[in-house]
file work32.cif (mmCIF, C-alpha atoms)
data_data
loop_
_atom_site.label_atom_id
_atom_site.label_comp_id
_atom_site.auth_asym_id
_atom_site.auth_seq_id
_atom_site.Cartn_x
_atom_site.Cartn_y
_atom_site.Cartn_z
CA MET W 1 162.13 127.35 200.41
CA GLY W 2 165.45 128.29 198.88
CA ILE W 3 166.04 128.23 195.13
CA ASP W 4 169.36 128.34 193.29
CA PRO W 5 168.25 129.05 189.72
CA GLY W 6 170.21 128.01 186.66
CA VAL W 7 169.34 127.24 183.05
CA ALA W 8 170.93 123.76 183.26
CA ASN W 9 170.46 122.91 186.95
CA THR W 10 168.13 124.57 189.44
CA GLY W 11 168.64 123.63 193.07
CA PHE W 12 165.84 123.73 195.60
CA GLY W 13 165.72 123.17 199.34
CA VAL W 14 162.85 123.29 201.80
CA VAL W 15 163.61 123.99 205.45
CA ARG W 16 161.23 123.91 208.41
CA VAL W 17 161.84 126.31 211.30
CA ALA W 18 160.18 125.14 214.51
CA GLY W 19 161.02 125.85 218.15
CA GLY W 20 164.32 127.52 217.26
CA GLN W 21 165.43 124.44 215.32
CA MET W 22 165.75 124.01 211.56
CA SER W 23 165.28 120.78 209.68
CA ALA W 24 165.37 119.79 206.01
CA VAL W 25 162.03 118.85 204.48
CA ASP W 26 163.08 118.42 200.87
CA GLY W 27 165.96 119.23 198.58
CA GLY W 28 167.23 118.38 195.14
CA VAL W 29 167.98 119.52 191.64
CA ILE W 30 165.75 120.17 188.64
CA GLU W 31 167.67 119.24 185.52
CA ALA W 32 166.64 120.91 182.29
CA PRO W 33 167.47 118.92 179.14
CA PRO W 34 170.56 120.66 177.60
CA ASP W 35 169.60 119.65 174.05
CA ARG W 36 166.28 121.52 174.11
CA PRO W 37 165.64 125.20 173.29
CA ILE W 38 166.01 127.60 176.21
CA GLU W 39 162.28 128.38 176.36
CA THR W 40 161.52 124.64 176.76
CA ARG W 41 164.07 124.39 179.57
CA LEU W 42 162.54 127.41 181.29
CA ALA W 43 159.11 125.79 180.98
CA ARG W 44 160.44 122.66 182.70
CA ILE W 45 162.04 124.65 185.55
CA HIS W 46 158.79 126.58 186.00
CA SER W 47 156.49 123.56 186.00
CA GLU W 48 158.68 121.57 188.44
CA LEU W 49 158.94 124.53 190.83
CA GLU W 50 155.21 125.12 190.49
CA LYS W 51 154.56 121.54 191.68
CA LEU W 52 157.06 121.83 194.56
CA ILE W 53 155.59 125.14 195.74
CA ALA W 54 152.05 123.75 195.53
CA TRP W 55 153.14 120.68 197.51
CA HIS W 56 155.20 122.34 200.25
CA GLU W 57 153.27 125.64 200.48
CA PRO W 58 156.36 127.52 201.73
CA ALA W 59 155.90 130.76 203.70
CA ALA W 60 158.59 132.37 201.54
CA VAL W 61 160.94 131.76 198.65
CA ALA W 62 164.55 132.87 199.19
CA LEU W 63 167.03 133.44 196.38
CA GLU W 64 170.65 134.43 196.29
CA ASP W 65 171.37 137.85 194.89
CA LEU W 66 173.41 137.13 191.80
CA TYR W 67 174.51 140.53 190.61
CA PHE W 68 178.17 140.01 191.42
CA GLY W 69 181.05 138.58 189.50
CA ARG W 70 179.19 137.71 186.33
CA ASN W 71 179.40 138.91 182.79
CA ALA W 72 176.26 140.17 181.09
CA ARG W 73 175.78 136.97 179.05
CA SER W 74 175.71 134.63 182.04
CA ALA W 75 173.73 137.20 184.04
CA ILE W 76 170.97 137.21 181.38
CA ALA W 77 170.90 133.41 181.34
CA VAL W 78 170.65 133.14 185.13
CA GLY W 79 168.15 136.01 185.15
CA GLN W 80 165.87 134.05 182.83
CA ALA W 81 165.83 131.04 185.16
CA ARG W 82 165.41 133.37 188.14
CA GLY W 83 162.46 135.05 186.44
CA VAL W 84 160.48 131.83 186.01
CA ALA W 85 161.35 130.76 189.58
CA MET W 86 160.01 134.05 190.99
CA LEU W 87 156.97 133.73 188.75
CA ALA W 88 156.19 130.26 190.14
CA ALA W 89 156.30 131.79 193.64
CA ALA W 90 154.18 134.83 192.71
CA GLN W 91 151.53 132.65 191.06
CA ARG W 92 151.04 130.96 194.45
CA ARG W 93 151.25 134.31 196.28
CA VAL W 94 154.49 133.32 198.01
CA PRO W 95 156.72 136.36 198.62
CA CYS W 96 160.35 136.30 197.40
CA PHE W 97 163.41 137.46 199.35
CA ASP W 98 166.95 138.16 198.14
CA TYR W 99 170.17 137.59 200.06
CA THR W 100 173.71 138.43 199.05
CA PRO W 101 176.20 135.53 198.93
CA GLN W 102 177.95 137.17 201.91
CA ALA W 103 174.75 137.19 203.98
CA VAL W 104 174.13 133.52 203.17
CA LYS W 105 177.69 132.50 204.15
CA LEU W 106 177.48 134.57 207.31
CA ALA W 107 174.18 132.93 208.29
CA VAL W 108 175.39 129.40 207.58
CA CYS W 109 179.08 129.53 208.55
CA GLY W 110 179.37 132.63 210.74
CA SER W 111 181.72 134.22 208.19
CA GLY W 112 180.86 136.13 205.01
CA SER W 113 183.94 134.77 203.27
CA ALA W 114 183.51 131.04 203.97
CA ALA W 115 184.53 128.58 201.23
CA LYS W 116 181.94 126.69 199.19
CA ARG W 117 182.86 123.35 200.75
CA GLN W 118 182.49 124.83 204.23
CA VAL W 119 178.97 126.04 203.36
CA GLN W 120 178.08 122.55 202.14
CA GLN W 121 179.42 120.97 205.38
CA MET W 122 177.57 123.44 207.61
CA VAL W 123 174.29 122.99 205.74
CA GLY W 124 174.50 119.28 206.60
CA THR W 125 175.37 120.00 210.24
CA LEU W 126 172.72 122.70 210.81
CA LEU W 127 169.96 120.57 209.31
CA GLY W 128 171.10 117.39 211.07
CA LEU W 129 171.64 115.53 207.81
CA PRO W 130 173.59 112.24 207.89
CA HIS W 131 176.00 113.79 205.33
CA PRO W 132 176.34 117.15 203.49
CA PRO W 133 174.09 117.51 200.39
CA GLN W 134 175.85 115.93 197.41
CA SER W 135 174.69 118.51 194.91
CA ASP W 136 176.18 122.02 195.01
CA HIS W 137 172.89 123.42 193.74
CA ALA W 138 170.78 121.73 196.42
CA ALA W 139 173.30 122.81 199.09
CA ASP W 140 173.18 126.43 197.85
CA ALA W 141 169.38 126.37 197.86
CA LEU W 142 169.28 124.94 201.41
CA ALA W 143 171.86 127.55 202.50
CA VAL W 144 169.74 130.47 201.31
CA ALA W 145 166.67 128.87 202.91
CA ILE W 146 168.59 128.62 206.23
CA CYS W 147 169.63 132.27 205.83
CA HIS W 148 166.01 133.34 205.34
CA GLY W 149 164.84 131.11 208.20
CA GLY W 150 167.29 132.86 210.53
CA GLN W 151 166.30 136.32 209.29
CA ALA W 152 162.61 135.57 209.64
CA ARG W 153 163.11 134.26 213.19
CA HIS W 154 165.12 137.37 214.04
CA ALA W 155 162.44 139.64 212.56
CA ARG W 156 159.74 137.87 214.59
CA ALA W 157 161.81 138.21 217.79
CA VAL W 158 162.32 141.94 217.15
CA ALA W 159 158.61 142.42 216.43
CA ALA W 160 157.72 140.55 219.62
CA SER W 161 160.11 142.66 221.74
CA GLU W 162 158.62 145.87 220.30
CA ARG W 163 155.06 144.80 221.04
CA PRO W 164 153.69 146.47 224.18
CA PRO W 165 153.09 144.01 227.03
CA VAL W 166 149.55 142.68 227.30
CA GLY W 167 147.31 144.80 229.55
CA VAL W 168 149.43 147.94 229.31
CA GLY W 169 148.83 151.05 227.15
CA MET M 1 155.34 138.54 167.47
CA GLY M 2 158.23 140.62 168.73
CA ILE M 3 158.79 141.23 172.44
CA ASP M 4 161.03 143.85 174.06
CA PRO M 5 161.15 142.63 177.67
CA GLY M 6 161.75 144.91 180.62
CA VAL M 7 160.82 144.82 184.29
CA ALA M 8 159.06 148.20 184.10
CA ASN M 9 157.86 148.25 180.47
CA THR M 10 157.57 145.32 178.10
CA GLY M 11 156.90 146.20 174.48
CA PHE M 12 155.11 143.85 172.11
CA GLY M 13 154.35 143.99 168.42
CA VAL M 14 152.53 141.58 166.14
CA VAL M 15 153.29 141.64 162.43
CA ARG M 16 151.57 139.72 159.63
CA VAL M 17 153.65 138.63 156.64
CA ALA M 18 151.50 137.96 153.57
CA GLY M 19 152.36 138.08 149.88
CA GLY M 20 155.75 139.69 150.50
CA GLN M 21 154.12 142.50 152.48
CA MET M 22 154.22 143.12 156.21
CA SER M 23 151.52 144.80 158.21
CA ALA M 24 151.04 145.60 161.89
CA VAL M 25 148.35 143.60 163.66
CA ASP M 26 148.89 144.80 167.22
CA GLY M 27 151.45 146.62 169.30
CA GLY M 28 151.77 148.25 172.67
CA VAL M 29 153.37 148.24 176.06
CA ILE M 30 152.69 146.19 179.18
CA GLU M 31 153.37 148.37 182.18
CA ALA M 32 154.27 146.62 185.42
CA PRO M 33 153.40 148.59 188.58
CA PRO M 34 156.75 150.00 189.86
CA ASP M 35 155.61 149.98 193.50
CA ARG M 36 155.02 146.21 193.59
CA PRO M 37 157.57 143.46 194.33
CA ILE M 38 159.50 142.18 191.30
CA GLU M 39 157.82 138.77 191.38
CA THR M 40 154.39 140.46 191.15
CA ARG M 41 155.57 142.54 188.19
CA LEU M 42 156.90 139.41 186.48
CA ALA M 43 153.54 137.72 187.06
CA ARG M 44 151.78 140.65 185.35
CA ILE M 45 154.14 140.59 182.35
CA HIS M 46 153.64 136.83 182.04
CA SER M 47 149.86 136.90 182.29
CA GLU M 48 149.48 139.76 179.78
CA LEU M 49 151.80 138.07 177.28
CA GLU M 50 149.98 134.78 177.84
CA LYS M 51 146.71 136.46 176.81
CA LEU M 52 148.28 138.16 173.78
CA ILE M 53 149.90 134.92 172.58
CA ALA M 54 146.64 132.99 173.07
CA TRP M 55 144.78 135.69 171.12
CA HIS M 56 147.17 136.19 168.20
CA GLU M 57 148.56 132.63 167.99
CA PRO M 58 151.84 133.86 166.48
CA ALA M 59 154.00 131.43 164.45
CA ALA M 60 157.06 132.62 166.38
CA VAL M 61 158.20 134.94 169.13
CA ALA M 62 161.26 137.08 168.34
CA LEU M 63 163.42 138.76 170.96
CA GLU M 64 166.42 141.00 170.80
CA ASP M 65 169.63 139.50 172.05
CA LEU M 66 170.53 141.65 175.02
CA TYR M 67 173.95 140.42 176.03
CA PHE M 68 175.74 143.55 174.98
CA GLY M 69 176.55 146.77 176.76
CA ARG M 70 174.91 145.99 180.06
CA ASN M 71 176.20 145.57 183.53
CA ALA M 72 175.38 142.36 185.38
CA ARG M 73 172.72 144.01 187.55
CA SER M 74 170.62 145.31 184.67
CA ALA M 75 171.28 142.10 182.71
CA ILE M 76 169.78 140.00 185.54
CA ALA M 77 166.74 142.30 185.71
CA VAL M 78 166.13 142.15 181.95
CA GLY M 79 166.85 138.41 182.00
CA GLN M 80 164.06 137.89 184.53
CA ALA M 81 161.52 139.64 182.29
CA ARG M 82 162.89 137.79 179.27
CA GLY M 83 162.52 134.47 181.10
CA VAL M 84 158.80 134.93 181.76
CA ALA M 85 158.26 136.15 178.17
CA MET M 86 159.93 133.03 176.75
CA LEU M 87 157.97 130.89 179.20
CA ALA M 88 154.67 132.39 177.97
CA ALA M 89 155.70 131.43 174.42
CA ALA M 90 156.86 127.91 175.39
CA GLN M 91 153.62 127.22 177.27
CA ARG M 92 151.76 127.79 173.97
CA ARG M 93 154.40 125.82 172.02
CA VAL M 94 155.50 128.92 170.13
CA PRO M 95 159.23 128.77 169.28
CA CYS M 96 161.49 131.71 170.27
CA PHE M 97 164.15 133.34 168.10
CA ASP M 98 166.97 135.71 169.05
CA TYR M 99 168.37 138.55 166.96
CA THR M 100 171.29 140.83 167.73
CA PRO M 101 170.53 144.59 167.78
CA GLN M 102 172.71 144.87 164.64
CA ALA M 103 170.62 142.27 162.78
CA VAL M 104 167.41 144.09 163.74
CA LYS M 105 168.74 147.49 162.58
CA LEU M 106 170.03 145.95 159.37
CA ALA M 107 166.66 144.33 158.64
CA VAL M 108 164.67 147.48 159.38
CA CYS M 109 166.97 150.29 158.19
CA GLY M 110 169.47 148.53 155.89
CA SER M 111 172.30 149.47 158.26
CA GLY M 112 173.49 147.69 161.40
CA SER M 113 174.42 151.01 163.01
CA ALA M 114 171.17 152.97 162.45
CA ALA M 115 170.05 155.36 165.19
CA LYS M 116 167.11 154.53 167.46
CA ARG M 117 164.94 157.29 165.96
CA GLN M 118 165.65 156.01 162.46
CA VAL M 119 164.49 152.51 163.48
CA GLN M 120 161.28 153.99 164.88
CA GLN M 121 160.65 155.93 161.62
CA MET M 122 161.32 152.90 159.42
CA VAL M 123 159.07 150.65 161.50
CA GLY M 124 156.23 153.07 160.76
CA THR M 125 157.09 153.21 157.05
CA LEU M 126 157.55 149.45 156.55
CA LEU M 127 154.28 148.63 158.28
CA GLY M 128 152.37 151.43 156.57
CA LEU M 129 151.43 153.10 159.85
CA PRO M 130 150.05 156.68 159.77
CA HIS M 131 152.91 157.69 162.12
CA PRO M 132 155.86 155.93 163.82
CA PRO M 133 154.98 154.05 167.03
CA GLN M 134 155.02 156.48 169.94
CA SER M 135 156.49 154.05 172.43
CA ASP M 136 160.15 153.06 172.11
CA HIS M 137 159.31 149.65 173.53
CA ALA M 138 156.51 148.93 171.06
CA ALA M 139 158.74 150.17 168.20
CA ASP M 140 161.59 147.88 169.32
CA ALA M 141 159.20 144.93 169.56
CA LEU M 142 157.79 145.62 166.07
CA ALA M 143 161.36 146.01 164.73
CA VAL M 144 162.44 142.57 165.95
CA ALA M 145 159.17 141.10 164.60
CA ILE M 146 159.96 142.66 161.20
CA CYS M 147 163.49 141.24 161.40
CA HIS M 148 162.13 137.76 162.08
CA GLY M 149 159.46 138.12 159.39
CA GLY M 150 162.20 138.88 156.83
CA GLN M 151 164.38 135.98 158.03
CA ALA M 152 161.47 133.55 157.97
CA ARG M 153 160.52 134.65 154.43
CA HIS M 154 164.13 134.24 153.36
CA ALA M 155 164.33 130.76 154.95
CA ARG M 156 161.12 129.70 153.17
CA ALA M 157 162.46 131.00 149.85
CA VAL M 158 165.71 129.04 150.31
CA ALA M 159 163.78 125.90 151.29
CA ALA M 160 161.54 126.30 148.23
CA SER M 161 164.51 126.70 145.88
CA GLU M 162 166.10 123.55 147.30
CA ARG M 163 162.94 121.48 146.88
CA PRO M 164 163.03 119.28 143.76
CA PRO M 165 160.45 120.34 141.14
CA VAL M 166 157.15 118.44 141.28
CA GLY M 167 157.14 115.28 139.14
CA VAL M 168 160.92 114.87 139.14
CA GLY M 169 163.07 112.48 141.24
#

call {"tool": "encode", "arguments": {"input": "work32.cif", "output": "structure tokens"}}
result
Amino acid sequence: MGIDPGVANTGFGVVRVAGGQMSAVDGGVIEAPPDRPIETRLARIHSELEKLIAWHEPAAVALEDLYFGRNARSAIAVGQARGVAMLAAAQRRVPCFDYTPQAVKLAVCGSGSAAKRQVQQMVGTLLGLPHPPQSDHAADALAVAICHGGQARHARAVAASERPPVGVG
Amino acid sequence: MGIDPGVANTGFGVVRVAGGQMSAVDGGVIEAPPDRPIETRLARIHSELEKLIAWHEPAAVALEDLYFGRNARSAIAVGQARGVAMLAAAQRRVPCFDYTPQAVKLAVCGSGSAAKRQVQQMVGTLLGLPHPPQSDHAADALAVAICHGGQARHARAVAASERPPVGVG
């Protein structure tokens, strides 16, 4: 499950990896009412993610590393949303993984400097969707989920190749 | 209740305002195990604050505004801790209030540019403690609680002066 946290809009995307193929299970945006205090918005983000994580029981939660190109004010705001997202995962004992924007673009488009629109297009193609996700936030969440799915598959392949053959040793 | 959120150490301080006097009810530091994943640390901060808020039932949670003088990386990290602290308050329907470091220093020391050690000393004096709080984090949390306590008292006084006298109108 990928999450793109934000105080106003939090994107989420659930991807299934099976037999070398990825498919989209769920995706969308949690909207937090802009006229409410921040703590109330954080509570909404947390409770919606809590329900989604309980429902989908993901093996992992993947988030984009957001340290770059932000001022401290927006970084704090995003950090707050990120904190409650990671908490929702931890409360269900789901581990969290971070990926840089470059790693996500590389995994989805084959280039670390791909444009946003290109990422959105490729998310649709890779997941076999009839059209690219309409929401930026959902597309970003699906992209980081795809990135983690690829990494996890790679890690399993490496682990398998390092395992001694059965009957030897 | 004041909270000084941090991924490693989160300070808290509970202050009672009664009859124009402030006193310390509780204060301390929640330490999050540094060798655990961030989401696990956030879960610990959240669950400890949850218990403290349930126990003390504070009228408000006060936090220092941390937008200043940080790079984006540390701002995201502090934001994550801040997010779960605000969530713990919101889940108990306790409103959150922000104060700039200058406002806190002004409320505690009478000067917006007071040194950290001076704040620590004055927290001890204002709350009638036998000695200043040993932990920086607990002292900072008590300081922002004192700041809010003063603001809240002021707001009540203004509201009272604007209320028409009984029997008139």

call {"tool": "closest_atom_pairs", "arguments": {"input": "work32.cif", "of": "chain W", "to": "chain M", "cutoff": "8 Å", "atoms": "all atoms listed in the file", "output": "tab-separated table"}}
result
residue	atom	partner	partner_atom	distance
W:Glu39	CA	M:Met86	CA	5.2
W:Thr40	CA	M:Ala90	CA	5.9
W:Leu42	CA	M:Leu87	CA	6.1
W:Ala43	CA	M:Leu87	CA	5.5
W:Leu66	CA	M:Ile76	CA	7.8
W:Tyr67	CA	M:Arg73	CA	5.0
W:Phe68	CA	M:Ala72	CA	7.1
W:Gly69	CA	M:Ala72	CA	8.0
W:Arg70	CA	M:Ala72	CA	6.1
W:Asn71	CA	M:Ala72	CA	5.9
W:Ala72	CA	M:Ala72	CA	4.9
W:Arg73	CA	M:Tyr67	CA	4.9
W:Ala75	CA	M:Ile76	CA	5.1
W:Ile76	CA	M:Gly79	CA	4.3
W:Ala77	CA	M:Gly79	CA	6.5
W:Val78	CA	M:Ile76	CA	6.9
W:Gly79	CA	M:Gly79	CA	4.2
W:Gln80	CA	M:Gly83	CA	3.8
W:Ala81	CA	M:Gly83	CA	6.3
W:Arg82	CA	M:Gln80	CA	5.9
W:Gly83	CA	M:Gln80	CA	3.8
W:Val84	CA	M:Val84	CA	5.5
W:Met86	CA	M:Glu39	CA	5.2
W:Leu87	CA	M:Ala43	CA	5.5
W:Ala89	CA	M:Glu39	CA	7.5
W:Ala90	CA	M:Glu39	CA	5.5
W:Gln91	CA	M:Ala43	CA	6.8
W:Pro95	CA	M:Glu39	CA	7.7
W:Cys96	CA	M:Glu39	CA	7.0

call {"tool": "closest_residue", "arguments": {"input": "work32.cif", "among": "M:Pro58, M:Met22, M:Ala141, M:Val7", "to": "Thr125 in chain M", "atoms": "all atoms listed in the file"}}
result
M:Met22

call {"tool": "closest_residue", "arguments": {"input": "work32.cif", "among": "W:Val123, W:Met1, W:Ala103, W:Ala145", "to": "Leu49 in chain W", "atoms": "only C-alpha atoms"}}
result
W:Met1

call {"tool": "resolve_selection", "arguments": {"input": "work32.cif", "expression": "the PyMOL selection byres ((chain W and resi 105) around 9)", "output": "list in words"}}
result
Thr100, Pro101, Gln102, Ala103, Val104, Leu106, Ala107, Val108, Cys109, Gly110, Ser111, Gly112, Ser113, Ala114, Ala115, Lys116, Val119, Ala143, Val144 and Cys147 of chain W

call {"tool": "resolve_selection", "arguments": {"input": "work32.cif", "expression": "the PyMOL selection byres ((chain M and resi 11) around 6)", "output": "number ranges by chain"}}
result
M: 3-4, 10, 12, 28-29, 137-138, 141

call {"tool": "atom_distance", "arguments": {"input": "work32.cif", "atom1": "CA of Val61 in chain W", "atom2": "CA of Leu126 in chain W"}}
result
19.2 Å

call {"tool": "resolve_selection", "arguments": {"input": "work32.cif", "expression": "the PyMOL selection byres ((chain W and resi 26) around 10)", "output": "VMD selection string"}}
result
chain W and resid 1 12 to 16 23 to 25 27 to 28 52 56 138 142

call {"tool": "closest_residue", "arguments": {"input": "work32.cif", "among": "W:Ala60, W:Ala18, W:Ala54, W:Ala8", "to": "Ala32 in chain W", "atoms": "only C-alpha atoms"}}
result
W:Ala8

call {"tool": "atom_distance", "arguments": {"input": "work32.cif", "atom1": "CA of Ala62 in chain W", "atom2": "CA of Gln121 in chain W"}}
result
20.0 Å

call {"tool": "decode", "arguments": {"input": "work32.cif", "residues": "range 36-46 of chain M", "atoms": "all heavy atoms", "output": "mmCIF file, in the first residue's frame"}}
result
data_model
loop_
_atom_site.group_PDB
_atom_site.id
_atom_site.type_symbol
_atom_site.label_atom_id
_atom_site.label_comp_id
_atom_site.auth_asym_id
_atom_site.auth_seq_id
_atom_site.Cartn_x
_atom_site.Cartn_y
_atom_site.Cartn_z
ATOM 1 N N ARG M 36 14.545 1.400 17.196
ATOM 2 C CA ARG M 36 13.346 0.863 16.552
ATOM 3 C C ARG M 36 12.968 1.711 15.331
ATOM 4 O O ARG M 36 13.358 2.881 15.255
ATOM 5 C CB ARG M 36 12.182 0.843 17.558
ATOM 6 C CG ARG M 36 12.482 0.085 18.840
ATOM 7 C CD ARG M 36 12.784 -1.397 18.579
ATOM 8 N NE ARG M 36 11.673 -2.080 17.932
ATOM 9 C CZ ARG M 36 10.612 -2.534 18.579
ATOM 10 N NH1 ARG M 36 10.493 -2.367 19.887
ATOM 11 N NH2 ARG M 36 9.657 -3.160 17.921
ATOM 12 N N PRO M 37 12.186 1.143 14.404
ATOM 13 C CA PRO M 37 11.753 1.934 13.238
ATOM 14 C C PRO M 37 10.943 3.159 13.682
ATOM 15 O O PRO M 37 10.317 3.140 14.746
ATOM 16 C CB PRO M 37 10.855 0.974 12.454
ATOM 17 C CG PRO M 37 11.091 -0.376 12.999
ATOM 18 C CD PRO M 37 11.655 -0.241 14.373
ATOM 19 N N ILE M 38 10.952 4.186 12.845
ATOM 20 C CA ILE M 38 10.282 5.447 13.210
ATOM 21 C C ILE M 38 8.813 5.219 13.531
ATOM 22 O O ILE M 38 8.286 5.777 14.491
ATOM 23 C CB ILE M 38 10.431 6.494 12.085
ATOM 24 C CG1 ILE M 38 11.914 6.870 11.933
ATOM 25 C CG2 ILE M 38 9.628 7.753 12.389
ATOM 26 C CD1 ILE M 38 12.205 7.777 10.766
ATOM 27 N N GLU M 39 8.134 4.374 12.733
ATOM 28 C CA GLU M 39 6.696 4.188 12.972
ATOM 29 C C GLU M 39 6.439 3.574 14.354
ATOM 30 O O GLU M 39 5.440 3.891 15.004
ATOM 31 C CB GLU M 39 6.042 3.365 11.852
ATOM 32 C CG GLU M 39 6.545 1.933 11.679
ATOM 33 C CD GLU M 39 7.708 1.791 10.699
ATOM 34 O OE1 GLU M 39 8.458 2.774 10.519
ATOM 35 O OE2 GLU M 39 7.873 0.700 10.122
ATOM 36 N N THR M 40 7.351 2.733 14.832
ATOM 37 C CA THR M 40 7.208 2.132 16.159
ATOM 38 C C THR M 40 7.416 3.200 17.242
ATOM 39 O O THR M 40 6.721 3.221 18.260
ATOM 40 C CB THR M 40 8.234 0.992 16.340
ATOM 41 O OG1 THR M 40 8.162 0.139 15.206
ATOM 42 C CG2 THR M 40 7.984 0.191 17.599
ATOM 43 N N ARG M 41 8.379 4.095 16.996
ATOM 44 C CA ARG M 41 8.610 5.186 17.944
ATOM 45 C C ARG M 41 7.404 6.108 18.002
ATOM 46 O O ARG M 41 6.986 6.541 19.078
ATOM 47 C CB ARG M 41 9.841 5.994 17.525
ATOM 48 C CG ARG M 41 11.113 5.181 17.607
ATOM 49 C CD ARG M 41 12.300 6.093 17.553
ATOM 50 N NE ARG M 41 13.126 5.848 16.399
ATOM 51 C CZ ARG M 41 14.078 6.655 15.972
ATOM 52 N NH1 ARG M 41 14.280 7.802 16.591
ATOM 53 N NH2 ARG M 41 14.807 6.349 14.935
ATOM 54 N N LEU M 42 6.827 6.401 16.838
ATOM 55 C CA LEU M 42 5.638 7.262 16.805
ATOM 56 C C LEU M 42 4.482 6.600 17.556
ATOM 57 O O LEU M 42 3.722 7.278 18.259
ATOM 58 C CB LEU M 42 5.233 7.551 15.352
ATOM 59 C CG LEU M 42 6.214 8.402 14.532
ATOM 60 C CD1 LEU M 42 5.776 8.452 13.071
ATOM 61 C CD2 LEU M 42 6.316 9.816 15.092
ATOM 62 N N ALA M 43 4.381 5.284 17.420
ATOM 63 C CA ALA M 43 3.304 4.564 18.110
ATOM 64 C C ALA M 43 3.491 4.664 19.625
ATOM 65 O O ALA M 43 2.520 4.787 20.376
ATOM 66 C CB ALA M 43 3.273 3.102 17.664
ATOM 67 N N ARG M 44 4.762 4.628 20.088
ATOM 68 C CA ARG M 44 5.002 4.747 21.523
ATOM 69 C C ARG M 44 4.647 6.153 22.026
ATOM 70 O O ARG M 44 3.982 6.312 23.049
ATOM 71 C CB ARG M 44 6.467 4.431 21.855
ATOM 72 C CG ARG M 44 6.783 4.687 23.300
ATOM 73 C CD ARG M 44 8.021 3.977 23.788
ATOM 74 N NE ARG M 44 8.464 4.566 25.040
ATOM 75 C CZ ARG M 44 7.986 4.249 26.214
ATOM 76 N NH1 ARG M 44 7.070 3.320 26.311
ATOM 77 N NH2 ARG M 44 8.422 4.857 27.297
ATOM 78 N N ILE M 45 5.083 7.173 21.273
ATOM 79 C CA ILE M 45 4.773 8.558 21.659
ATOM 80 C C ILE M 45 3.254 8.727 21.744
ATOM 81 O O ILE M 45 2.729 9.276 22.710
ATOM 82 C CB ILE M 45 5.366 9.555 20.628
ATOM 83 C CG1 ILE M 45 6.903 9.477 20.630
ATOM 84 C CG2 ILE M 45 4.900 10.975 20.902
ATOM 85 C CD1 ILE M 45 7.565 10.140 19.426
ATOM 86 N N HIS M 46 2.555 8.227 20.733
ATOM 87 C CA HIS M 46 1.101 8.362 20.693
ATOM 88 C C HIS M 46 0.447 7.654 21.868
ATOM 89 O O HIS M 46 -0.418 8.217 22.549
ATOM 90 C CB HIS M 46 0.561 7.817 19.367
ATOM 91 C CG HIS M 46 -0.928 7.859 19.266
ATOM 92 N ND1 HIS M 46 -1.717 6.763 19.533
ATOM 93 C CD2 HIS M 46 -1.773 8.872 18.955
ATOM 94 C CE1 HIS M 46 -2.986 7.115 19.367
ATOM 95 N NE2 HIS M 46 -3.052 8.375 19.023
#
